[in-house]
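Asks: Below is the file coords.tsv, with TSV, C-alpha atoms.
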chain	number	residue	atom	x	y	z
S	1	MET	CA	40.51	-6.74	-29.43
S	2	ALA	CA	39.66	-8.27	-26.08
S	3	ALA	CA	36.79	-6.82	-24.06
S	4	PRO	CA	37.87	-4.57	-21.17
S	5	PRO	CA	37.77	-5.98	-17.64
S	6	ALA	CA	34.31	-5.95	-16.06
S	7	ALA	CA	35.39	-3.25	-13.60
S	8	TRP	CA	35.92	-0.86	-16.52
S	9	GLN	CA	32.57	-1.43	-18.13
S	10	ASP	CA	29.70	1.00	-17.71
S	11	PRO	CA	27.01	-0.06	-15.23
S	12	VAL	CA	24.00	-1.78	-16.78
S	13	PRO	CA	20.67	-0.34	-15.60
S	14	LEU	CA	17.99	-2.73	-14.42
S	15	ALA	CA	15.68	-3.87	-17.19
S	16	LEU	CA	12.10	-2.81	-16.53
S	17	ASP	CA	10.78	-6.26	-17.33
S	18	THR	CA	12.63	-7.58	-14.26
S	19	ALA	CA	10.36	-5.59	-11.93
S	20	PRO	CA	7.88	-7.97	-10.19
S	21	VAL	CA	4.68	-6.19	-11.23
S	22	PRO	CA	1.73	-6.54	-8.81
S	23	GLU	CA	-0.75	-9.32	-9.57
S	24	TYR	CA	-3.66	-7.10	-10.53
S	25	GLY	CA	-6.73	-8.95	-11.75
S	26	GLY	CA	-6.99	-11.92	-9.42
S	27	GLY	CA	-4.16	-11.78	-6.89
S	28	SER	CA	-3.96	-8.25	-5.52
S	29	LEU	CA	-5.42	-6.30	-2.62
S	30	ALA	CA	-7.75	-4.53	-5.06
S	31	ASP	CA	-9.35	-7.89	-5.88
S	32	LEU	CA	-10.27	-8.82	-2.30
S	33	LEU	CA	-13.49	-6.91	-1.65
S	34	PRO	CA	-14.88	-7.49	-5.16
S	35	THR	CA	-14.44	-11.21	-4.45
S	36	LEU	CA	-16.16	-11.04	-1.08
S	37	VAL	CA	-19.15	-8.94	-2.11
S	38	ALA	CA	-19.61	-10.84	-5.36
S	39	GLY	CA	-19.99	-13.93	-3.20
S	40	GLN	CA	-22.73	-12.06	-1.33
S	41	GLY	CA	-24.59	-11.27	-4.53
S	42	VAL	CA	-23.34	-7.75	-5.30
S	43	SER	CA	-22.50	-6.84	-8.90
S	44	VAL	CA	-19.17	-5.01	-9.11
S	45	PRO	CA	-17.87	-3.23	-12.24
S	46	GLY	CA	-14.28	-3.83	-13.34
S	47	PRO	CA	-11.50	-1.26	-13.88
S	48	VAL	CA	-12.05	-1.26	-17.64
S	49	PRO	CA	-15.55	0.00	-18.54
S	50	GLY	CA	-17.90	-2.76	-19.57
S	51	THR	CA	-15.95	-5.53	-17.84
S	52	PRO	CA	-16.74	-7.28	-14.55
S	53	ALA	CA	-14.42	-7.01	-11.59
S	54	ALA	CA	-11.70	-9.62	-11.23
S	55	VAL	CA	-11.90	-11.98	-8.28
S	56	ILE	CA	-9.39	-14.01	-6.32
S	57	PRO	CA	-10.31	-17.49	-7.58
S	58	GLU	CA	-9.05	-19.38	-4.53
S	59	LEU	CA	-11.61	-17.79	-2.17
S	60	THR	CA	-15.04	-19.28	-1.54
S	61	PRO	CA	-18.14	-17.26	-0.59
S	62	ALA	CA	-19.36	-16.60	2.94
S	63	ASP	CA	-22.49	-14.87	4.20
S	64	ARG	CA	-20.50	-12.79	6.67
S	65	ASN	CA	-17.09	-11.40	5.75
S	66	CYS	CA	-14.64	-9.54	7.96
S	67	VAL	CA	-11.37	-7.96	6.81
S	68	PHE	CA	-8.78	-7.16	9.48
S	69	LEU	CA	-6.07	-4.99	7.93
S	70	ILE	CA	-2.84	-4.69	9.92
S	71	ASP	CA	-0.89	-1.70	8.64
S	72	GLY	CA	2.68	-2.59	7.68
S	73	LEU	CA	2.62	-6.33	8.40
S	74	GLY	CA	3.89	-8.02	5.27
S	75	TRP	CA	4.14	-11.73	4.50
S	76	GLN	CA	7.86	-11.86	5.19
S	77	GLN	CA	7.52	-10.15	8.57
S	78	ILE	CA	5.22	-12.91	9.80
S	79	LYS	CA	7.47	-15.65	8.43
S	80	ASP	CA	10.51	-14.08	10.09
S	81	HIS	CA	8.89	-13.77	13.54
S	82	PRO	CA	7.12	-17.03	14.47
S	83	ASP	CA	7.86	-16.60	18.17
S	84	GLU	CA	6.29	-13.15	18.33
S	85	ALA	CA	3.32	-14.09	16.15
S	86	PRO	CA	2.46	-17.73	16.89
S	87	TYR	CA	-1.21	-17.40	16.00
S	88	LEU	CA	-0.66	-15.61	12.69
S	89	THR	CA	2.14	-18.06	11.89
S	90	SER	CA	-0.25	-20.97	12.46
S	91	LEU	CA	-2.54	-19.48	9.80
S	92	LEU	CA	0.07	-19.10	7.04
S	93	GLY	CA	-1.13	-22.25	5.32
S	94	THR	CA	-4.65	-20.83	5.07
S	95	SER	CA	-3.50	-17.80	3.08
S	96	ARG	CA	-5.18	-17.16	-0.25
S	97	GLY	CA	-7.83	-19.80	0.08
S	98	GLY	CA	-5.59	-22.49	1.54
S	99	THR	CA	-2.86	-22.28	-1.08
S	100	GLY	CA	-0.41	-20.90	1.48
S	101	ARG	CA	0.46	-18.08	-0.91
S	102	PRO	CA	0.46	-14.30	-0.36
S	103	ILE	CA	-1.18	-11.63	-2.50
S	104	THR	CA	0.35	-8.38	-3.78
S	105	VAL	CA	-0.71	-4.91	-2.70
S	106	GLY	CA	-0.16	-2.84	-5.85
S	107	PHE	CA	2.25	-0.06	-6.71
S	108	PRO	CA	3.34	1.86	-4.85
S	109	ALA	CA	3.21	-0.26	-1.72
S	110	THR	CA	1.99	2.53	0.54
S	111	THR	CA	-0.98	3.10	2.82
S	112	ALA	CA	-3.01	5.70	0.94
S	113	THR	CA	-2.75	3.79	-2.32
S	114	SER	CA	-3.50	0.42	-0.75
S	115	LEU	CA	-6.48	1.60	1.29
S	116	ALA	CA	-7.98	3.16	-1.83
S	117	SER	CA	-7.37	-0.08	-3.73
S	118	ILE	CA	-8.95	-2.30	-1.11
S	119	GLY	CA	-11.91	0.04	-0.54
S	120	THR	CA	-12.79	0.72	-4.17
S	121	GLY	CA	-11.67	-2.58	-5.69
S	122	LEU	CA	-9.78	-0.60	-8.32
S	123	PRO	CA	-6.06	-0.35	-9.18
S	124	PRO	CA	-4.18	2.94	-8.61
S	125	GLY	CA	-4.38	3.97	-12.25
S	126	VAL	CA	-8.17	4.08	-11.93
S	127	HIS	CA	-8.92	5.25	-8.38
S	128	GLY	CA	-6.30	7.95	-8.84
S	129	MET	CA	-4.20	7.71	-5.69
S	130	PRO	CA	-0.90	6.47	-7.13
S	131	GLY	CA	1.47	7.45	-4.33
S	132	TYR	CA	2.14	9.03	-0.97
S	133	THR	CA	2.53	12.46	-2.57
S	134	VAL	CA	1.69	13.19	-6.22
S	135	ARG	CA	1.33	16.30	-8.33
S	136	ASP	CA	-2.13	17.76	-8.78
S	137	PRO	CA	-2.21	18.67	-12.49
S	138	ALA	CA	-4.85	21.33	-11.79
S	139	THR	CA	-2.62	23.31	-9.41
S	140	GLY	CA	0.90	22.04	-10.02
S	141	ALA	CA	1.31	21.42	-6.27
S	142	LEU	CA	2.20	18.18	-4.51
S	143	MET	CA	-0.82	16.52	-2.94
S	144	ASN	CA	-0.25	14.40	0.16
S	145	GLN	CA	-2.92	11.71	-0.21
S	146	LEU	CA	-2.48	10.31	3.29
S	147	ARG	CA	-2.85	13.64	5.10
S	148	TRP	CA	-4.91	15.27	2.32
S	149	ARG	CA	-2.81	18.42	2.08
S	150	PRO	CA	-3.41	20.79	0.41
S	151	TRP	CA	-7.16	20.35	0.51
S	152	THR	CA	-8.96	19.29	-2.62
S	153	ASP	CA	-12.47	17.97	-3.09
S	154	PRO	CA	-12.22	14.27	-2.14
S	155	HIS	CA	-14.91	13.12	-4.56
S	156	VAL	CA	-13.37	14.95	-7.47
S	157	TRP	CA	-10.00	13.43	-6.65
S	158	GLN	CA	-11.47	9.89	-6.23
S	159	PRO	CA	-14.94	9.77	-7.81
S	160	TYR	CA	-15.77	6.07	-7.59
S	161	PRO	CA	-18.05	4.50	-4.96
S	162	THR	CA	-16.49	2.23	-2.39
S	163	LEU	CA	-17.34	-1.45	-2.19
S	164	PHE	CA	-18.76	-0.74	1.27
S	165	GLN	CA	-21.22	1.71	-0.29
S	166	LEU	CA	-22.22	-0.80	-2.97
S	167	ALA	CA	-22.66	-3.52	-0.35
S	168	ASP	CA	-24.70	-1.26	1.90
S	169	ALA	CA	-26.95	-0.27	-1.02
S	170	ALA	CA	-27.48	-3.98	-1.75
S	171	GLY	CA	-28.81	-4.59	1.76
S	172	ILE	CA	-25.65	-6.07	3.31
S	173	HIS	CA	-24.98	-5.00	6.89
S	174	THR	CA	-21.80	-2.95	6.48
S	175	ALA	CA	-19.52	-1.46	9.12
S	176	GLN	CA	-16.02	-0.14	9.73
S	177	VAL	CA	-14.44	-0.43	13.18
S	178	SER	CA	-11.32	1.67	13.64
S	179	SER	CA	-9.74	4.45	15.67
S	180	PRO	CA	-12.08	7.43	16.14
S	181	ILE	CA	-9.45	9.75	14.61
S	182	PHE	CA	-10.11	8.21	11.17
S	183	GLU	CA	-13.88	8.68	11.13
S	184	ARG	CA	-14.05	11.96	9.21
S	185	THR	CA	-10.79	11.98	7.26
S	186	PRO	CA	-10.95	12.50	3.47
S	187	LEU	CA	-9.08	9.23	2.94
S	188	THR	CA	-11.73	7.32	4.89
S	189	ASP	CA	-14.42	9.17	2.96
S	190	VAL	CA	-13.16	8.18	-0.50
S	191	ALA	CA	-11.74	4.75	0.32
S	192	LEU	CA	-13.56	3.14	3.23
S	193	SER	CA	-16.94	4.80	3.78
S	194	GLY	CA	-20.29	3.05	3.50
S	195	GLY	CA	-22.57	1.64	6.15
S	196	THR	CA	-21.68	2.68	9.70
S	197	PHE	CA	-18.35	3.80	11.18
S	198	HIS	CA	-17.66	2.75	14.77
S	199	GLY	CA	-14.74	4.42	16.52
S	200	ARG	CA	-13.03	2.54	19.33
S	201	LEU	CA	-9.72	3.41	20.95
S	202	SER	CA	-8.35	0.07	22.13
S	203	GLY	CA	-7.54	-2.87	19.93
S	204	GLU	CA	-9.56	-5.20	22.16
S	205	GLU	CA	-12.66	-3.01	21.81
S	206	ARG	CA	-12.28	-3.03	18.05
S	207	MET	CA	-12.03	-6.81	17.84
S	208	ASP	CA	-15.05	-7.32	20.10
S	209	LEU	CA	-17.17	-4.80	18.22
S	210	ALA	CA	-16.08	-6.13	14.82
S	211	ALA	CA	-17.27	-9.59	15.84
S	212	ALA	CA	-20.56	-8.15	17.12
S	213	GLN	CA	-21.11	-6.20	13.90
S	214	LEU	CA	-20.36	-9.28	11.85
S	215	GLY	CA	-23.21	-11.06	13.60
S	216	ALA	CA	-25.59	-8.11	13.31
S	217	GLY	CA	-26.78	-9.05	9.83
S	218	ASP	CA	-27.67	-12.19	7.94
S	219	ARG	CA	-25.18	-10.94	5.34
S	220	SER	CA	-22.42	-8.72	6.70
S	221	LEU	CA	-19.28	-6.94	5.55
S	222	VAL	CA	-17.05	-5.60	8.33
S	223	TYR	CA	-13.65	-3.91	8.11
S	224	THR	CA	-11.33	-3.28	11.04
S	225	TYR	CA	-7.85	-1.81	11.17
S	226	TYR	CA	-4.78	-1.50	13.38
S	227	SER	CA	-1.96	0.95	12.60
S	228	GLU	CA	0.78	0.70	15.20
S	229	VAL	CA	2.81	-2.16	13.72
S	230	ASP	CA	3.53	0.26	10.88
S	231	GLY	CA	4.04	3.19	13.24
S	232	LYS	CA	6.64	1.43	15.37
S	233	GLY	CA	8.35	0.06	12.26
S	234	HIS	CA	8.78	3.52	10.80
S	235	LYS	CA	10.08	5.01	14.03
S	236	PHE	CA	12.21	2.23	15.49
S	237	GLY	CA	12.61	-0.45	12.81
S	238	MET	CA	11.72	-4.12	12.90
S	239	ASP	CA	14.77	-5.05	14.99
S	240	SER	CA	13.35	-3.02	17.87
S	241	ASP	CA	11.60	-4.24	20.99
S	242	ALA	CA	8.86	-1.69	20.31
S	243	TRP	CA	8.05	-3.25	16.93
S	244	ARG	CA	8.19	-6.79	18.27
S	245	GLY	CA	5.89	-5.80	21.12
S	246	GLN	CA	3.34	-4.50	18.64
S	247	LEU	CA	3.55	-7.70	16.62
S	248	MET	CA	2.91	-9.76	19.76
S	249	TYR	CA	-0.05	-7.53	20.61
S	250	VAL	CA	-1.66	-7.68	17.18
S	251	ASP	CA	-1.19	-11.45	17.12
S	252	ARG	CA	-3.34	-11.65	20.25
S	253	LEU	CA	-5.88	-9.28	18.71
S	254	ALA	CA	-6.24	-11.48	15.63
S	255	GLN	CA	-6.83	-14.55	17.77
S	256	ARG	CA	-9.33	-12.64	19.93
S	257	LEU	CA	-11.36	-11.71	16.86
S	258	ALA	CA	-11.14	-15.16	15.31
S	259	GLU	CA	-12.44	-16.82	18.47
S	260	GLN	CA	-15.60	-14.65	18.42
S	261	LEU	CA	-16.71	-15.19	14.83
S	262	PRO	CA	-20.45	-15.79	14.50
S	263	PRO	CA	-21.66	-18.69	12.34
S	264	ARG	CA	-21.22	-18.59	8.55
S	265	SER	CA	-18.33	-16.12	8.80
S	266	ALA	CA	-15.00	-15.73	7.06
S	267	LEU	CA	-12.24	-13.59	8.57
S	268	TYR	CA	-9.44	-12.38	6.30
S	269	ILE	CA	-6.30	-10.95	7.90
S	270	THR	CA	-4.20	-8.91	5.51
S	271	ALA	CA	-2.03	-5.78	5.23
S	272	ASP	CA	-1.43	-2.74	3.06
S	273	HIS	CA	2.32	-3.32	2.54
S	274	GLY	CA	5.39	-4.88	4.07
S	275	MET	CA	8.44	-2.99	5.30
S	276	ILE	CA	12.23	-2.94	5.17
S	277	ASP	CA	14.75	-1.34	7.55
S	278	ILE	CA	17.21	0.98	5.81
S	279	PRO	CA	20.66	1.64	7.35
S	280	PHE	CA	21.69	5.20	8.12
S	281	ASP	CA	24.65	5.54	5.79
S	282	GLU	CA	25.34	7.44	2.57
S	283	GLU	CA	25.28	4.31	0.47
S	284	SER	CA	21.78	3.36	1.63
S	285	ARG	CA	20.26	6.86	1.89
S	286	ILE	CA	20.69	9.12	-1.13
S	287	ASP	CA	19.74	12.69	-0.21
S	288	PHE	CA	18.00	14.35	-3.16
S	289	ASP	CA	18.31	17.76	-1.52
S	290	GLU	CA	22.10	17.39	-1.46
S	291	ASP	CA	22.55	15.79	-4.89
S	292	TRP	CA	22.88	18.37	-7.68
S	293	GLU	CA	22.85	15.73	-10.38
S	294	LEU	CA	19.50	14.27	-9.38
S	295	ARG	CA	18.02	17.73	-8.81
S	296	ALA	CA	18.91	19.03	-12.28
S	297	GLY	CA	15.76	19.70	-14.29
S	298	VAL	CA	13.42	18.53	-11.51
S	299	ALA	CA	10.51	20.80	-10.57
S	300	LEU	CA	8.95	18.57	-7.88
S	301	LEU	CA	9.94	15.40	-6.06
S	302	GLY	CA	6.95	13.28	-5.06
S	303	GLY	CA	6.23	9.81	-3.78
S	304	GLU	CA	8.40	8.50	-0.97
S	305	GLY	CA	11.90	7.16	-0.47
S	306	ARG	CA	11.47	3.80	-2.18
S	307	ALA	CA	8.88	4.84	-4.79
S	308	ARG	CA	9.58	8.26	-6.25
S	309	HIS	CA	7.47	10.32	-8.64
S	310	VAL	CA	9.78	12.83	-10.33
S	311	TYR	CA	8.20	15.84	-12.07
S	312	ALA	CA	10.49	17.56	-14.54
S	313	VAL	CA	10.69	21.17	-15.61
S	314	PRO	CA	8.73	21.35	-18.91
S	315	GLY	CA	11.00	20.26	-21.72
S	316	ALA	CA	13.47	18.47	-19.42
S	317	GLU	CA	11.58	15.19	-19.09
S	318	ALA	CA	13.89	13.12	-21.33
S	319	ASP	CA	17.04	14.54	-19.73
S	320	VAL	CA	15.80	13.84	-16.21
S	321	HIS	CA	14.91	10.30	-17.19
S	322	THR	CA	18.37	9.77	-18.69
S	323	VAL	CA	20.20	11.13	-15.63
S	324	TRP	CA	18.14	9.22	-13.09
S	325	ARG	CA	18.57	6.02	-15.06
S	326	GLU	CA	22.32	6.53	-15.36
S	327	VAL	CA	22.81	7.47	-11.70
S	328	LEU	CA	20.36	5.08	-10.05
S	329	GLY	CA	19.58	2.43	-12.67
S	330	GLU	CA	21.57	-0.36	-11.02
S	331	ARG	CA	19.67	0.06	-7.76
S	332	PHE	CA	16.28	1.34	-8.89
S	333	TRP	CA	13.91	0.45	-11.67
S	334	VAL	CA	13.72	3.83	-13.43
S	335	ALA	CA	10.91	4.32	-15.94
S	336	SER	CA	9.30	7.14	-17.81
S	337	ARG	CA	5.61	7.70	-17.05
S	338	ASP	CA	4.58	5.92	-20.24
S	339	GLU	CA	6.97	3.03	-19.61
S	340	ALA	CA	5.64	2.53	-16.07
S	341	ILE	CA	2.05	2.57	-17.29
S	342	ALA	CA	2.80	0.19	-20.18
S	343	ALA	CA	4.57	-2.18	-17.79
S	344	GLY	CA	1.41	-2.40	-15.67
S	345	TRP	CA	2.82	-0.79	-12.54
S	346	PHE	CA	-0.44	1.07	-11.84
S	347	GLY	CA	-2.86	-1.56	-13.14
S	348	PRO	CA	-3.92	-2.70	-16.62
S	349	PRO	CA	-2.39	-0.18	-19.06
S	350	ASP	CA	-5.67	0.39	-20.87
S	351	ALA	CA	-7.42	1.17	-17.58
S	352	VAL	CA	-5.21	4.11	-16.47
S	353	GLU	CA	-7.43	7.17	-16.67
S	354	GLU	CA	-6.56	10.51	-18.20
S	355	ARG	CA	-7.28	12.35	-14.94
S	356	VAL	CA	-4.68	10.11	-13.25
S	357	TYR	CA	-2.06	10.30	-16.00
S	358	GLY	CA	-0.68	13.68	-14.94
S	359	ARG	CA	-0.48	12.65	-11.29
S	360	ILE	CA	2.11	10.02	-12.17
S	361	GLY	CA	5.68	11.30	-12.33
S	362	ASP	CA	7.41	12.11	-15.60
S	363	VAL	CA	9.93	9.64	-14.19
S	364	VAL	CA	9.07	6.89	-11.70
S	365	ALA	CA	11.85	5.30	-9.64
S	366	ALA	CA	11.18	2.11	-7.65
S	367	ALA	CA	13.88	0.71	-5.37
S	368	HIS	CA	15.39	-2.68	-6.12
S	369	ASP	CA	18.13	-2.66	-3.45
S	370	ASP	CA	18.00	-1.74	0.25
S	371	VAL	CA	18.18	1.97	-0.54
S	372	VAL	CA	16.01	5.09	-0.36
S	373	ILE	CA	16.02	8.55	-1.87
S	374	THR	CA	15.49	10.91	1.03
S	375	ALA	CA	14.92	14.68	0.99
S	376	SER	CA	16.39	15.97	4.23
S	377	VAL	CA	15.23	19.56	3.74
S	378	HIS	CA	11.78	19.09	2.21
S	379	GLU	CA	10.89	15.81	3.98
S	380	PRO	CA	12.73	15.89	7.31
S	381	ARG	CA	10.32	13.62	9.20
S	382	GLU	CA	10.11	10.99	6.47
S	383	SER	CA	13.90	11.09	5.99
S	384	GLU	CA	14.45	10.07	9.61
S	385	MET	CA	12.35	6.90	9.42
S	386	VAL	CA	14.02	3.55	10.00
S	387	GLY	CA	11.46	1.29	8.35
S	388	MET	CA	10.48	2.13	4.78
S	389	HIS	CA	8.24	0.77	2.02
S	390	GLY	CA	6.79	1.66	-1.36
S	391	SER	CA	8.50	-0.42	-4.03
S	392	MET	CA	7.85	-3.74	-5.78
S	393	THR	CA	10.29	-5.97	-3.93
S	394	PRO	CA	8.70	-9.07	-2.37
S	395	VAL	CA	9.21	-7.84	1.20
S	396	GLU	CA	7.13	-4.72	0.41
S	397	GLN	CA	4.62	-6.16	-2.08
S	398	LEU	CA	3.65	-9.51	-0.61
S	399	VAL	CA	1.06	-9.53	2.16
S	400	PRO	CA	-0.86	-12.34	3.82
S	401	LEU	CA	-4.48	-13.20	3.17
S	402	LEU	CA	-4.94	-15.40	6.22
S	403	GLU	CA	-8.36	-17.01	6.59
S	404	VAL	CA	-10.43	-18.24	9.52
S	405	ARG	CA	-13.96	-19.64	9.05
S	406	SER	CA	-16.70	-20.50	11.47
Let me see the file written as structure tokens.
Replies:
Amino acid sequence: MAAPPAAWQDPVPLALDTAPVPEYGGGSLADLLPTLVAGQGVSVPGPVPGTPAAVIPELTPADRNCVFLIDGLGWQQIKDHPDEAPYLTSLLGTSRGGTGRPITVGFPATTATSLASIGTGLPPGVHGMPGYTVRDPATGALMNQLRWRPWTDPHVWQPYPTLFQLADAAGIHTAQVSSPIFERTPLTDVALSGGTFHGRLSGEERMDLAAAQLGAGDRSLVYTYYSEVDGKGHKFGMDSDAWRGQLMYVDRLAQRLAEQLPPRSALYITADHGMIDIPFDEESRIDFDEDWELRAGVALLGGEGRARHVYAVPGAEADVHTVWREVLGERFWVASRDEAIAAGWFGPPDAVEERVYGRIGDVVAAAHDDVVITASVHEPRESEMVGMHGSMTPVEQLVPLLEVRS
């Protein structure tokens, strides 16, 4: 008997081994600071006890290191906008030690997770911040790790020292230069603290002070940050004049900082994730709050539109996994918690800690297509965003590691 026409066949869900897993262990954001401080003589433990930290092999040591993290500016966004970002475009060939290649940020590709990864040098399965919102196993409530709501003890939630703290303890002049609003946030405390925080409002002030702090020590480690490329992308999308204006502005900031580097310095310009604009139509935006099939058996919906943590009613885990895979499996990589861990989504499988295990969804759904799972009732603000991120697609995962040396 002949096979039925293709149109009659059941959809085939995406195979999990087709997901482009982040390059933990030598090519991810979590590997950047361990590389830099190791080159300055600091010993850094690895994610698996008893092992040294991985390093990005293409980078060479410098006495003074500065990291400029531009929130939301992925590799593809620079490549697509050479006119708006001529300086950053001119540096593309310097990325990742002159290989002209990007690095990956880790999963999910979201700010809280990425900042914890860069600051601790650990993957999400170890530092314990594996998403925008995740379930707190101690309370059963969703924890927003960007806004730190509801409150929980930051150093219980993320107990590891930051690389800035280790560098400061080793006698390296260490500083963060950012907006004053971030100085006392729990996320800064657990991910970026160590040395001295300097709050400055304007981007120009931050660049000038970062350069000054870099020259303030014989060995220095300085971090500076700019958020509004991401902010304008979320609100207006990357086709907007507002987003392009921010890209033009941050391009000038990067050049301003690079031109002030003191001797024996290396500047690394990178990002916490890329971004993708999602159309406002029913095909591209699946509303969980209006979809009875996806809601069945689900106690909590965590994560964000393109990287969902799904927490099932006890006993319904297998059924929820089956339904989500059947409904979404052509457009999302849909994995059980154990499958996602085994596939290395959150770092080396043997490194994922027990305290983090229950924070990961019973089901994890990562977008493959240009699609999001919104929640119009429970997440009205997030559901209205134009630009989105979170998943493992190249546009979200790949970020630059542009380099300037003096």
Asks: With all atoms listed in the file as the atoms that count, which of S:Gly199, S:Asp168, S:Pro47, S:Trp324 lies nearest to Glu183 (chain S)?
Replies: S:Gly199
Asks: S:Pro34, S:Gly233, S:Pro52, S:Pro86: which is nearest Thr120 (chain S), counting only C-alpha atoms?
Replies: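 When distances to Thr120 (chain S) are compared using only C-alpha atoms, the smallest one comes from S:Pro34.
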Asks: Please indicate the distance in Å from CA of Ala54 (chain S) to CA of Gly25 (chain S), rounded to one decimal place.
Replies: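 Pair CA of Ala54 (chain S) / CA of Gly25 (chain S) returns 5.0 Å.
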Asks: Taking (-3.5, 8.2, -3.9) in the coordinates of the supplied file, I want to know which residues reach to within 8 Å of it, counting only C-alpha atoms; could you give the answer as a compact mmCIF listing (two decimals) with C-alpha atoms, keeping the file's coordinate frame?
Replies:
# COMPACT_ATOMS: atom_id res chain seq x y z
CA ALA S 112 -3.01 5.70 0.94
CA THR S 113 -2.75 3.79 -2.32
CA ALA S 116 -7.98 3.16 -1.83
CA PRO S 124 -4.18 2.94 -8.61
CA HIS S 127 -8.92 5.25 -8.38
CA GLY S 128 -6.30 7.95 -8.84
CA MET S 129 -4.20 7.71 -5.69
CA PRO S 130 -0.90 6.47 -7.13
CA GLY S 131 1.47 7.45 -4.33
CA TYR S 132 2.14 9.03 -0.97
CA THR S 133 2.53 12.46 -2.57
CA VAL S 134 1.69 13.19 -6.22
CA GLN S 145 -2.92 11.71 -0.21
CA LEU S 146 -2.48 10.31 3.29
Asks: Any idea what's packed within 9 Å of region 152-157 of chain S, counting only C-alpha atoms, ignoring anything in its chain fewer than 2 positions away? Could you give it as a list in words?
Replies: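 The residues satisfying every condition are His127, Gly128, Met129, Met143, Trp148, Arg149, Pro150, Pro159, Tyr160, Pro186, Leu187, Asp189, Val190 and Arg355 of chain S.
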Asks: Go through S:Gln246, S:Gln158, S:Gln40, S:Ser179 one by one, measure the shortest atom-to-atom distance of each to Ala62 (chain S) using all atoms listed in the file, and give the residue with the smallest value.
Replies: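 Checking each candidate against Ala62 (chain S), we get S:Gln40 as the closest.
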Asks: Need the neighbours of (6.2, -9.1, 19.1): which residues are at most 10 Å away, counting all atoms listed in the file, as an MDAnalysis selection string?
Replies: chainID S and resid 81:86 229 238 240:252
Asks: Of the candidates S:Ala366, S:Val404, S:Val105, S:Leu221, which shows the shortest atom-to-atom distance to Ala170 (chain S), using only C-alpha atoms?
Replies: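 Closest to Ala170 (chain S), using only C-alpha atoms: S:Leu221.
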Asks: For Ala19 (chain S), find every residue with an atom within 10 Å (counting only C-alpha atoms), except residues of its own chain fewer than 2 positions away, and show them as a PDB file with C-alpha atoms, in the frame of the given file.
Replies:
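Heads up, here's the output in selection_19.pdb:
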ATOM      1  CA  LEU S  14      17.990  -2.730 -14.420  1.00  0.00           C
ATOM      2  CA  ALA S  15      15.680  -3.870 -17.190  1.00  0.00           C
ATOM      3  CA  LEU S  16      12.100  -2.810 -16.530  1.00  0.00           C
ATOM      4  CA  ASP S  17      10.780  -6.260 -17.330  1.00  0.00           C
ATOM      5  CA  VAL S  21       4.680  -6.190 -11.230  1.00  0.00           C
ATOM      6  CA  PRO S  22       1.730  -6.540  -8.810  1.00  0.00           C
ATOM      7  CA  PHE S 332      16.280   1.340  -8.890  1.00  0.00           C
ATOM      8  CA  TRP S 333      13.910   0.450 -11.670  1.00  0.00           C
ATOM      9  CA  ALA S 343       4.570  -2.180 -17.790  1.00  0.00           C
ATOM     10  CA  TRP S 345       2.820  -0.790 -12.540  1.00  0.00           C
ATOM     11  CA  ALA S 366      11.180   2.110  -7.650  1.00  0.00           C
ATOM     12  CA  ALA S 367      13.880   0.710  -5.370  1.00  0.00           C
ATOM     13  CA  HIS S 368      15.390  -2.680  -6.120  1.00  0.00           C
ATOM     14  CA  SER S 391       8.500  -0.420  -4.030  1.00  0.00           C
ATOM     15  CA  MET S 392       7.850  -3.740  -5.780  1.00  0.00           C
ATOM     16  CA  THR S 393      10.290  -5.970  -3.930  1.00  0.00           C
TER      17      THR S 393
END
Asks: Taking into account all atoms listed in the file, which residue in the set S:Ile56, S:Ala335, S:Leu142, S:Met388 is nearest to Pro279 (chain S)?
Replies: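 For Pro279 (chain S), the nearest of the given residues is S:Met388.
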Asks: Could you jot down the CA of Arg135 (chain S) to CA of Gly303 (chain S) separation for me, Å, one decimal place?
Replies: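 Value for the CA of Arg135 (chain S)-CA of Gly303 (chain S) distance: 9.3 Å.
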Asks: What is the distance between CA of Ile172 (chain S) and CA of Ile118 (chain S), in Å to one decimal?
Replies: 17.7 Å
Asks: With all atoms listed in the file as the counted atoms, please give the residues lying no more than 6 Å from Gly237 (chain S), apart from itself and same-chain residues fewer than 4 positions off, as an MDAnalysis selection string.
Replies: chainID S and resid 233 277 386:387
Asks: Which residues are close to His198 (chain S), i.e. within 12 Å by all atoms listed in the file, leaving aside same-chain residues fewer than 4 positions away? Reply as JSON, numbers by chain.
Replies: {"S": [174, 175, 176, 177, 178, 179, 180, 181, 182, 183, 184, 193, 194, 205, 206, 207, 208, 209, 210, 212, 213, 222, 223, 224, 225]}
Asks: Restricting the output to C-alpha atoms, write the selected residues as a compact mmCIF listing (two decimals), in the coordinates of the input.
Replies:
# COMPACT_ATOMS: atom_id res chain seq x y z
CA THR S 174 -21.80 -2.95 6.48
CA ALA S 175 -19.52 -1.46 9.12
CA GLN S 176 -16.02 -0.14 9.73
CA VAL S 177 -14.44 -0.43 13.18
CA SER S 178 -11.32 1.67 13.64
CA SER S 179 -9.74 4.45 15.67
CA PRO S 180 -12.08 7.43 16.14
CA ILE S 181 -9.45 9.75 14.61
CA PHE S 182 -10.11 8.21 11.17
CA GLU S 183 -13.88 8.68 11.13
CA ARG S 184 -14.05 11.96 9.21
CA SER S 193 -16.94 4.80 3.78
CA GLY S 194 -20.29 3.05 3.50
CA GLU S 205 -12.66 -3.01 21.81
CA ARG S 206 -12.28 -3.03 18.05
CA MET S 207 -12.03 -6.81 17.84
CA ASP S 208 -15.05 -7.32 20.10
CA LEU S 209 -17.17 -4.80 18.22
CA ALA S 210 -16.08 -6.13 14.82
CA ALA S 212 -20.56 -8.15 17.12
CA GLN S 213 -21.11 -6.20 13.90
CA VAL S 222 -17.05 -5.60 8.33
CA TYR S 223 -13.65 -3.91 8.11
CA THR S 224 -11.33 -3.28 11.04
CA TYR S 225 -7.85 -1.81 11.17
